[in-house]
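First the structure, in the form of structure tokens, and then the observations on it.
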Amino acid sequence: MARDTTDETPISSIEELAAYLASGCKPKDEWRIGTEHEKFPFFTEDNSPVPYEGERSIRALLEGMQETLGWSPIMDEGRIIGLYEPTGMGAISLEPGGQFELSGAPLETIHQTCRESNAHLSQLSEIADPLGIKFLGLGASPKWTLDETPRMPKSRYDIMRAYMPKVGNEGLDMMHRTSTIQVNLDFASEADMRRKMQVSYRLQPVATALFANSPFTEGRPNGLLSWRANIWRDTDPDRTGVLPFVFSEDFGFMDYVEWVLDVPMYFVLREGRYHDCTHVTFRQFMDGALEGEIPDPHPNMGDWTNHLSTVFPEVRLKKFIEMRGADGGPWRRICALPALWVGLLYDETALEAADALTRDWTCEDVVALRDAVPREGLKATIRGRTVREIGYDVLRIAREGLKSRAKLNSEGFDEAHFLIPLEEIVARGTTPAEQMITEYHSVWAESIEPVFLEYAY
């Protein structure tokens, strides 16, 4: 999330919280695609991480991008921590370990998404190249220890850093050493949201396998294909994972609200200051638990919006649906992820086919697959079929969905060609991580350094 929200509209009932989610319902002709991607900045002379402060720094990158784009700065205690386009057409933010994130504009086509990503990386290179900085497109930091990884001066991250070790073993690694590509998609109604959420939860482990791209930690193979995905299994059980109630045939906005209400909070933002509220849930906040502890102890819609951004299930519901299962990766995969999900979810025939393909998968089936995929990748199985076998079906459905959308570029091509990197992975039968491991043991001569050449933006 690029910046935390201030909206002082008071909350008087739980129903208002569900109505907030429901206000995301849009007619199909207003559905958009919002793509987010993170990458690790590094110094080209020695492949070391880039600090926040200094002449060659994260801060210098943000200030350079501000001058280039003319976007407004996001400030935290006098320090620039991001940028946003004032009319809502995108934002740049920092993840805790300096991961540089573009939260893209809501766009109509994958063609536009790819042009946006290309323009962003080109603009960023103009600022970064003279500083000797490039960016790594992987799902996890392959070389630096946690202690070597810089820490961004963002107040909410300080609260999270103190809290994470209390609830899981991998939270600090998740914050500082992982990177992702996400896509945000719309829904028409509660019923449409339900079906999209259910299909997305069932197929999220398949996406995780297709995008598995984090096999190295601290300079060596870590025994996994997606270390990033495995980390999420031991980060914070209160706010992560596969949500069983989503699989219910009458799942709705209120069910999600009831779950989020009982998740411990991270913070409340008052007059520009972050107050640590990890000792209460949002429900307790609504019941008066912060009376006498913070200024204006009554929850408002800004508090709710911010709290929604601090839960991290495999698929997250806001006024749109967030797909959270993919490792970060090279440029082609930034375009491939939205192509996959738009192909599956934005065409009615494709959505019905994806639903039919997965309808008999139980929550327990999906959890087992989710647990197996970080290590087994395309070889993981569900209901007697491998992810690779399912991948053929999923990509065929997505391709038909994109062809049916018939969103053509200036050369007359539809969006289906953006799936080619994923179709190559399934045809080859090996994840991107396995390709890297093969290179590590052969042409890289068991050195991690070539990854900074071959996977750099």
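If you're wondering about the labels, chains in the structure tokens are A, B, ... by order shown, residues count from 1 in each chain, ligands from 1 in order shown.
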
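Taking the backbone of this structure through DSSP, the residues of region 258-335 of chain A that come out as alpha helix (DSSP H) are Glu258, Trp259, Val260, Leu261, Phe282, Arg283, Gln284, Phe285, Met286, Met301, Gly302, Asp303, Trp304, Thr305, Asn306, His307, Leu308, Trp331, Arg332, Arg333, Ile334 and Cys335 of chain A.
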
Problem - Residues within 10 Å of region 256-268 of chain A, only C-alpha atoms, excluding chain neighbours under 5 positions, as an MDAnalysis selection string - result: chainID A and resid 4 14:21 155:157 159:160 163 237:239 243 245:246 251 273:286 290 294:295 297 299:300 302:304 306:308 310:311 316:318

Practice task
Rank A:Leu138, A:Met89, A:Leu337, A:Leu69 by their smallest atom-to-atom distance to Ala433 (chain A), using only C-alpha atoms, and report the top residue only.
Solution key: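 Distance minimum relative to Ala433 (chain A) lands on A:Leu138.
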
Practice task
Rank nothing, just name the residue among A:His37, A:Arg399, A:Arg405, A:His176 nearest to Asp327 (chain A), using only C-alpha atoms.
Solution key: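 Closest candidate: A:His37.
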
Handout entry: Close residues, region 106-118 of chain A itself excluded, 10 Å, only C-alpha atoms, min 4 positions apart in chain, as a PyMOL selection string
Key = chain A and resi 29-37+88-90+102+122-124+184-185+331-339+342+402+405-410+413-416+418

Handout entry: Residue neighbourhood Lys28 (chain A), 9 Å, only C-alpha atoms, exclusion window fewer than 5 positions, as a count of residues only
Key = 4

Problem - Interatomic distance (Å, one decimal) between CA of Lys166 (chain A) and CA of Tyr52 (chain A) - result: 26.5 Å

Problem - Nearest to Ile437 (chain A) by atom-to-atom distance, counting only C-alpha atoms, from A:Phe42, A:Phe135, A:Tyr201, A:Phe216 - result: A:Phe216

Problem - Near-Pro221 (chain A) list (10 Å; only C-alpha atoms; drop same-chain fewer than 3 positions) as a list of chain:residue names - result: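 Non-adjacent residues within range: A:Pro142, A:Ser214, A:Pro215, A:Phe216, A:Thr217, A:Glu218, A:Leu224, A:Leu225, A:Trp227, A:Ala433, A:Met436, A:Ile437, A:Tyr440, A:His441, A:Glu446, A:Ile448.
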
Requested write-out: N, CA and C atoms of the selected residues, as a PDB file, in the first residue's frame:
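Below is the file part04.pdb, written as the result:
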```pdb
ATOM      1  N   PRO A 142      18.550 -12.759  -2.876  1.00  0.00           N
ATOM      2  CA  PRO A 142      19.307 -13.999  -2.995  1.00  0.00           C
ATOM      3  C   PRO A 142      20.635 -14.027  -2.250  1.00  0.00           C
ATOM      4  N   SER A 214      12.372 -17.922  -6.207  1.00  0.00           N
ATOM      5  CA  SER A 214      13.195 -17.494  -5.067  1.00  0.00           C
ATOM      6  C   SER A 214      13.915 -18.693  -4.439  1.00  0.00           C
ATOM      7  N   PRO A 215      14.850 -19.298  -5.187  1.00  0.00           N
ATOM      8  CA  PRO A 215      15.515 -20.508  -4.694  1.00  0.00           C
ATOM      9  C   PRO A 215      16.814 -20.264  -3.931  1.00  0.00           C
ATOM     10  N   PHE A 216      17.206 -18.988  -3.754  1.00  0.00           N
ATOM     11  CA  PHE A 216      18.488 -18.695  -3.111  1.00  0.00           C
ATOM     12  C   PHE A 216      18.290 -17.836  -1.862  1.00  0.00           C
ATOM     13  N   THR A 217      19.082 -18.136  -0.841  1.00  0.00           N
ATOM     14  CA  THR A 217      19.146 -17.311   0.366  1.00  0.00           C
ATOM     15  C   THR A 217      20.600 -17.218   0.803  1.00  0.00           C
ATOM     16  N   GLU A 218      21.045 -15.995   1.031  1.00  0.00           N
ATOM     17  CA  GLU A 218      22.404 -15.742   1.522  1.00  0.00           C
ATOM     18  C   GLU A 218      23.456 -16.452   0.674  1.00  0.00           C
ATOM     19  N   LEU A 224      14.303 -24.718  -1.628  1.00  0.00           N
ATOM     20  CA  LEU A 224      12.932 -24.415  -2.010  1.00  0.00           C
ATOM     21  C   LEU A 224      12.913 -23.788  -3.403  1.00  0.00           C
ATOM     22  N   LEU A 225      11.735 -23.805  -4.016  1.00  0.00           N
ATOM     23  CA  LEU A 225      11.564 -23.119  -5.296  1.00  0.00           C
ATOM     24  C   LEU A 225      10.984 -21.726  -5.088  1.00  0.00           C
ATOM     25  N   TRP A 227      10.993 -19.591  -1.842  1.00  0.00           N
ATOM     26  CA  TRP A 227      11.263 -19.273  -0.434  1.00  0.00           C
ATOM     27  C   TRP A 227      10.269 -18.229   0.046  1.00  0.00           C
ATOM     28  N   ALA A 433      12.542 -21.027 -10.891  1.00  0.00           N
ATOM     29  CA  ALA A 433      13.530 -21.314  -9.847  1.00  0.00           C
ATOM     30  C   ALA A 433      14.418 -22.487 -10.237  1.00  0.00           C
ATOM     31  N   MET A 436      17.030 -21.476 -12.655  1.00  0.00           N
ATOM     32  CA  MET A 436      18.135 -20.766 -12.006  1.00  0.00           C
ATOM     33  C   MET A 436      19.060 -21.724 -11.263  1.00  0.00           C
ATOM     34  N   ILE A 437      18.479 -22.707 -10.614  1.00  0.00           N
ATOM     35  CA  ILE A 437      19.306 -23.677  -9.880  1.00  0.00           C
ATOM     36  C   ILE A 437      20.207 -24.442 -10.843  1.00  0.00           C
ATOM     37  N   TYR A 440      22.971 -22.165 -11.723  1.00  0.00           N
ATOM     38  CA  TYR A 440      23.867 -22.014 -10.577  1.00  0.00           C
ATOM     39  C   TYR A 440      24.869 -23.159 -10.526  1.00  0.00           C
ATOM     40  N   HIS A 441      24.406 -24.374 -10.788  1.00  0.00           N
ATOM     41  CA  HIS A 441      25.284 -25.542 -10.688  1.00  0.00           C
ATOM     42  C   HIS A 441      26.087 -25.788 -11.974  1.00  0.00           C
ATOM     43  N   GLU A 446      28.439 -22.248  -9.345  1.00  0.00           N
ATOM     44  CA  GLU A 446      28.035 -22.171  -7.942  1.00  0.00           C
ATOM     45  C   GLU A 446      28.352 -20.818  -7.301  1.00  0.00           C
ATOM     46  N   ILE A 448      26.544 -16.941  -6.802  1.00  0.00           N
ATOM     47  CA  ILE A 448      25.272 -16.232  -6.876  1.00  0.00           C
ATOM     48  C   ILE A 448      25.386 -14.951  -7.688  1.00  0.00           C
TER      49      ILE A 448
END
```

Exercise for the section: Please run DSSP on the backbone and report, as a PyMOL selection string, all residues within region 248-389 of chain A that come out as strand (DSSP E). Expected result: chain A and resi 267-270+273-276+312-313+315-317+321-327+381-382+385-386

Handout entry: Counting only C-alpha atoms, the option among A:Asn230, A:Arg194, A:Glu400, A:Ile390 closest to Met254 (chain A)
Key = A:Arg194

Practice task
May I ask for the distance between CA of Ile80 (chain A) and CA of Lys134 (chain A), given in Å to one decimal place?
Solution key: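 Separation between CA of Ile80 (chain A) and CA of Lys134 (chain A): 20.3 Å.
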
Exercise for the section: Extract, using only C-alpha atoms, all DNA, RNA and protein residues at most 12 Å from region 426-429 of chain A, discarding same-chain residues fewer than 2 positions from it, and format them as JSON, numbers by chain. Expected result: {"A": [206, 207, 209, 210, 211, 376, 377, 378, 379, 380, 386, 387, 388, 389, 390, 391, 392, 393, 394, 395, 396, 419, 420, 421, 422, 423, 424, 431, 432, 433, 434, 435]}

How would the residues just chosen look if you wrote them out with C-alpha atoms as a JSON list (two decimals), in the first residue's frame?
```json
[["chain", "number", "residue", "atom", "x", "y", "z"],
["A", 206, "VAL", "CA", -0.98, -22.86, -9.15],
["A", 207, "ALA", "CA", 0.05, -19.25, -9.72],
["A", 209, "ALA", "CA", 4.17, -22.58, -8.74],
["A", 210, "LEU", "CA", 4.18, -20.86, -12.14],
["A", 211, "PHE", "CA", 5.94, -17.81, -10.68],
["A", 376, "GLU", "CA", 7.58, -29.13, -5.15],
["A", 377, "GLY", "CA", 6.47, -26.49, -7.65],
["A", 378, "LEU", "CA", 4.79, -27.94, -10.74],
["A", 379, "LYS", "CA", 5.18, -31.48, -9.32],
["A", 380, "ALA", "CA", 2.85, -30.80, -6.38],
["A", 386, "THR", "CA", 0.01, -32.37, -10.80],
["A", 387, "VAL", "CA", 0.11, -28.59, -10.90],
["A", 388, "ARG", "CA", 1.75, -28.92, -14.30],
["A", 389, "GLU", "CA", -1.24, -30.87, -15.63],
["A", 390, "ILE", "CA", -3.64, -28.39, -14.11],
["A", 391, "GLY", "CA", -1.52, -25.57, -15.49],
["A", 392, "TYR", "CA", -2.21, -26.67, -19.05],
["A", 393, "ASP", "CA", -5.95, -26.44, -18.38],
["A", 394, "VAL", "CA", -5.73, -23.14, -16.51],
["A", 395, "LEU", "CA", -3.66, -21.46, -19.21],
["A", 396, "ARG", "CA", -5.94, -22.75, -21.96],
["A", 419, "LEU", "CA", 0.62, -15.71, -21.34],
["A", 420, "ILE", "CA", 3.49, -17.11, -23.42],
["A", 421, "PRO", "CA", 6.09, -17.00, -20.57],
["A", 422, "LEU", "CA", 3.75, -19.12, -18.43],
["A", 423, "GLU", "CA", 2.93, -21.49, -21.27],
["A", 424, "GLU", "CA", 6.67, -22.00, -21.78],
["A", 431, "THR", "CA", 9.71, -23.51, -12.68],
["A", 432, "PRO", "CA", 11.85, -20.39, -13.14],
["A", 433, "ALA", "CA", 13.53, -21.31, -9.85],
["A", 434, "GLU", "CA", 14.60, -24.71, -11.20],
["A", 435, "GLN", "CA", 16.08, -23.03, -14.27]]
```
